[in-house]
Every structure is written in C-alpha cells, then in structure tokens.
Amino acid sequence: PNNSIGAAELASGALPPRVIWIPCPALLPLEAADVIPPLTKDAGTNIDQLLCTFDADADEGRPGNFLANGRMESGSTVTFTVLWYSLAATTGDAVWNIRHNSGTAADIDPDVALTTLTATDTTAGTAGQVSQTVITETLTNLAWVSGDLVYFTLHRDANNAADTLVGDALVVGVNIS
C-alpha cells in the first residue's frame with residue numbers, strides 16, 4: 001500500500017497528484033536567446049550540490065519537457081515549485097517565469113509561442129537556505145491534455161523591477177504536480 005494516500009482518498013477513489021521532479025542540471029543548456037545559466041558546484045560541509053546559477057543582471061533560462069500525465073482531470077490545477085537559494089543575499093526578491101507551450105499531440109510541431117506564468121518570491125533570509133516559489137495554474141488555462149508533449153523553460157526575470165535580489169539565485173530544481 002502507498003502510505004502517502006489518505007483513507008478518504010482511497011475511499012473516494014481519488015488518485016494522488018502525479019509529481020515530476022526535474023533537477024536543474026537536467027534541464028537542457030539551450031535557450032532561444034542563448035542566455036543560459038551555468039552549472040555551479042556548491043561544496044558544502046556534508047553535501048555537495050550541482051545547481052544552475054541564474055544571474056542577477058541578465059535574464060537567463062533553461063528548457064525542459066515532459067509528457068502530460070494520463071491521470072489529468074478536467075478542472076484540476078498544476079503547481080510548479082522552483083527550489084532555489086542565494087549564497088550571499090539575505091534580503092530581496094527573485095522573479096521567476098515558467099514559460100510553456102500549450103502541449104502538443106503526435107504529428108504537431110511543438111515550436112509555438114509560449115505562455116508565461118510569473119511569481120515573485122523573497123529569499124529565505126539566510127544565505128544558503130532554500131526558498132520554494134510556487135506558481136499554480138488551472139489545467140484549462142494551460143490547455144494540456146493527456147499524452148501531450150509539454151515544453152517549458154524556467155527563467156529568472158532579473159531585469160524586472162520587482163527582482164531585487166542582489167547576486168545570483170542558485171536553482172536546485174523544479175517540481176511539477
């Protein structure tokens with residue numbers, strides 16, 4: 001049995017959300033404007049991490065893709081969570097974009113205009129502490145259907161007036177549920 005499913009969910013027949021975890025280094029080093037956040041090793045005392053370093057001054061992005069889940073239900077929502085931190089800054093906000101296509105079925109070109117979802121989040125307050133920026137959107141607005149190939153990019157909108165984080169933002173990864 002799956003212990004993460006509650007008794008009420010089992011009784012109702014509801015399925016738990018599908019979760020897709022994509023470590024930032026697994027996102028592709030491609031970007032339409034060729035402005036790509038480099039990989040950085042953060043050597044800790046107990047754990048070394050390989051992260052993407054999003055610049056404070058230039059907009060940078062990394063793309064990824066996945067197949068939309070067969071369990072998608074009409075009227076549901078999709079939540080993107082960006083896990084990131086700063087090595088130095090203890091104050092300031094980072095502006096994150098998830099840019100996505102509307103999903104493409106077989107025999108359809110996925111290279112279409114992207115829709116941008118945006119969230120602004122304040123750094124955790126202590127250098128090295130992980131922040132979790134959440135962006136939620138309805139499945140209807142995303143326009144994905146089961147079996148679609150979804151392309152997306154993760155961007156830091158560094159030149160946005162609301163992005164006040166001084167220094168780089170190091171991204172651990174993106175969670176999609």
# chains A, B, ... in the order shown; residues from 1 in each chain; ligands from 1
$ closest_atom_pairs --of "segment 78-120 of chain A" --to "segment 133-136 of chain A" --cutoff "10 Å" --atoms "only C-alpha atoms" --output "Markdown table"
| residue | atom | partner | partner_atom | distance |
| --- | --- | --- | --- | --- |
| A:Val78 | CA | A:Thr136 | CA | 5.7 |
| A:Thr79 | CA | A:Thr136 | CA | 4.4 |
| A:Phe80 | CA | A:Ile135 | CA | 5.1 |
| A:Thr81 | CA | A:Val134 | CA | 4.5 |
| A:Val82 | CA | A:Thr133 | CA | 5.1 |
| A:Leu83 | CA | A:Thr133 | CA | 6.6 |
| A:Trp84 | CA | A:Thr133 | CA | 8.0 |
| A:Ala94 | CA | A:Thr133 | CA | 9.2 |
| A:Val95 | CA | A:Thr133 | CA | 9.3 |
| A:Trp96 | CA | A:Thr133 | CA | 8.0 |
| A:Asn97 | CA | A:Ile135 | CA | 8.8 |
| A:Ile98 | CA | A:Ile135 | CA | 8.1 |
| A:Leu117 | CA | A:Ile135 | CA | 7.1 |
| A:Thr118 | CA | A:Ile135 | CA | 7.0 |
| A:Ala119 | CA | A:Ile135 | CA | 6.1 |
| A:Thr120 | CA | A:Thr133 | CA | 7.5 |
$ residues_around --residues "Ala33 of chain A" --least-positions-apart "4" --cutoff "12 Å" --atoms "only C-alpha atoms" --output "ChimeraX atom specification"
/A:29,37,58-63,155
$ write_last_selection --atoms "N, CA and C atoms" --output "short mmCIF file (atom, residue, chain, number, x, y, z; two decimals), in the first residue's frame"
data_model
loop_
_atom_site.label_atom_id
_atom_site.label_comp_id
_atom_site.auth_asym_id
_atom_site.auth_seq_id
_atom_site.Cartn_x
_atom_site.Cartn_y
_atom_site.Cartn_z
N PRO A 29 20.84 22.77 -21.68
CA PRO A 29 21.62 24.01 -21.82
C PRO A 29 21.35 24.67 -23.17
N PRO A 37 21.90 29.89 -17.84
CA PRO A 37 22.56 29.88 -16.54
C PRO A 37 23.54 28.70 -16.46
N ALA A 58 21.15 39.56 -15.87
CA ALA A 58 20.67 39.18 -17.21
C ALA A 58 19.60 38.11 -17.09
N ASP A 59 18.56 38.23 -17.91
CA ASP A 59 17.54 37.18 -17.96
C ASP A 59 18.18 35.91 -18.52
N GLU A 60 18.01 34.81 -17.81
CA GLU A 60 18.56 33.53 -18.26
C GLU A 60 17.49 32.45 -18.13
N GLY A 61 17.61 31.41 -18.97
CA GLY A 61 16.62 30.34 -18.92
C GLY A 61 17.18 29.00 -19.34
N ARG A 62 16.53 27.96 -18.87
CA ARG A 62 16.84 26.58 -19.25
C ARG A 62 15.53 25.86 -19.56
N PRO A 63 15.47 25.15 -20.70
CA PRO A 63 14.24 24.45 -21.07
C PRO A 63 14.22 22.99 -20.62
N HIS A 155 12.89 30.57 -16.18
CA HIS A 155 13.65 31.81 -16.34
C HIS A 155 13.66 32.59 -15.04
#
$ residues_around --residues "Thr126 of chain A" --least-positions-apart "6" --cutoff "12 Å" --atoms "only C-alpha atoms" --output "VMD selection string"
chain A and resid 85 to 92
$ closest_residue --among "A:Tyr151, A:Phe66, A:Trp21, A:Trp144" --to "Ala113 of chain A" --atoms "only C-alpha atoms"
A:Tyr151
$ select_by_dssp --residues "chain A" --states "alpha helix (DSSP H)" --output "ChimeraX atom specification"
/A:7-12,139-142
$ write_last_selection --atoms "C-alpha atoms" --output "PDB file, in the first residue's frame"
ATOM      1  CA  ALA A   7      -8.069   6.864   3.863  1.00  0.00           C
ATOM      2  CA  ALA A   8     -10.508   9.441   2.434  1.00  0.00           C
ATOM      3  CA  GLU A   9      -8.707   9.390  -0.926  1.00  0.00           C
ATOM      4  CA  LEU A  10      -8.775   5.603  -1.017  1.00  0.00           C
ATOM      5  CA  ALA A  11     -12.464   5.518  -0.119  1.00  0.00           C
ATOM      6  CA  SER A  12     -13.364   8.120  -2.768  1.00  0.00           C
ATOM      7  CA  LEU A 139      -5.357  22.855 -16.409  1.00  0.00           C
ATOM      8  CA  THR A 140      -7.909  24.694 -18.552  1.00  0.00           C
ATOM      9  CA  ASN A 141      -5.592  27.711 -18.903  1.00  0.00           C
ATOM     10  CA  LEU A 142      -2.554  25.517 -19.572  1.00  0.00           C
TER      11      LEU A 142
END
$ select_by_dssp --residues "chain A" --states "strand (DSSP E)" --output "ChimeraX atom specification"
/A:20-23,39-43,48-54,60-67,77-85,93-100,115-122,131-138,149-156,169-176
$ closest_residue --among "A:Gln49, A:Thr164, A:Thr122, A:Thr153" --to "Glu31 of chain A" --atoms "only C-alpha atoms"
A:Thr153
$ residues_around --residues "Asp55 of chain A" --least-positions-apart "6" --cutoff "9 Å" --atoms "only C-alpha atoms" --output "VMD selection string"
chain A and resid 37 156 158 167 to 170
$ closest_residue --among "A:Pro25, A:Gly125, A:Gly147, A:Gly75" --to "Lys41 of chain A" --atoms "only C-alpha atoms"
A:Pro25
$ closest_residue --among "A:Thr77, A:Ser102, A:Thr40, A:Thr53" --to "Val145 of chain A" --atoms "only C-alpha atoms"
A:Ser102
$ closest_residue --among "A:Arg99, A:Gln132, A:Glu73, A:Ala68" --to "Gly173 of chain A" --atoms "only C-alpha atoms"
A:Gln132
$ closest_residue --among "A:Asp157, A:Glu137, A:Asp148, A:Asp163" --to "Leu67 of chain A" --atoms "only C-alpha atoms"
A:Asp148
$ residues_around --residues "Arg18 of chain A" --least-positions-apart "3" --cutoff "9 Å" --atoms "only C-alpha atoms" --output "PyMOL selection string"
chain A and resi 15+69+71-72+176-177
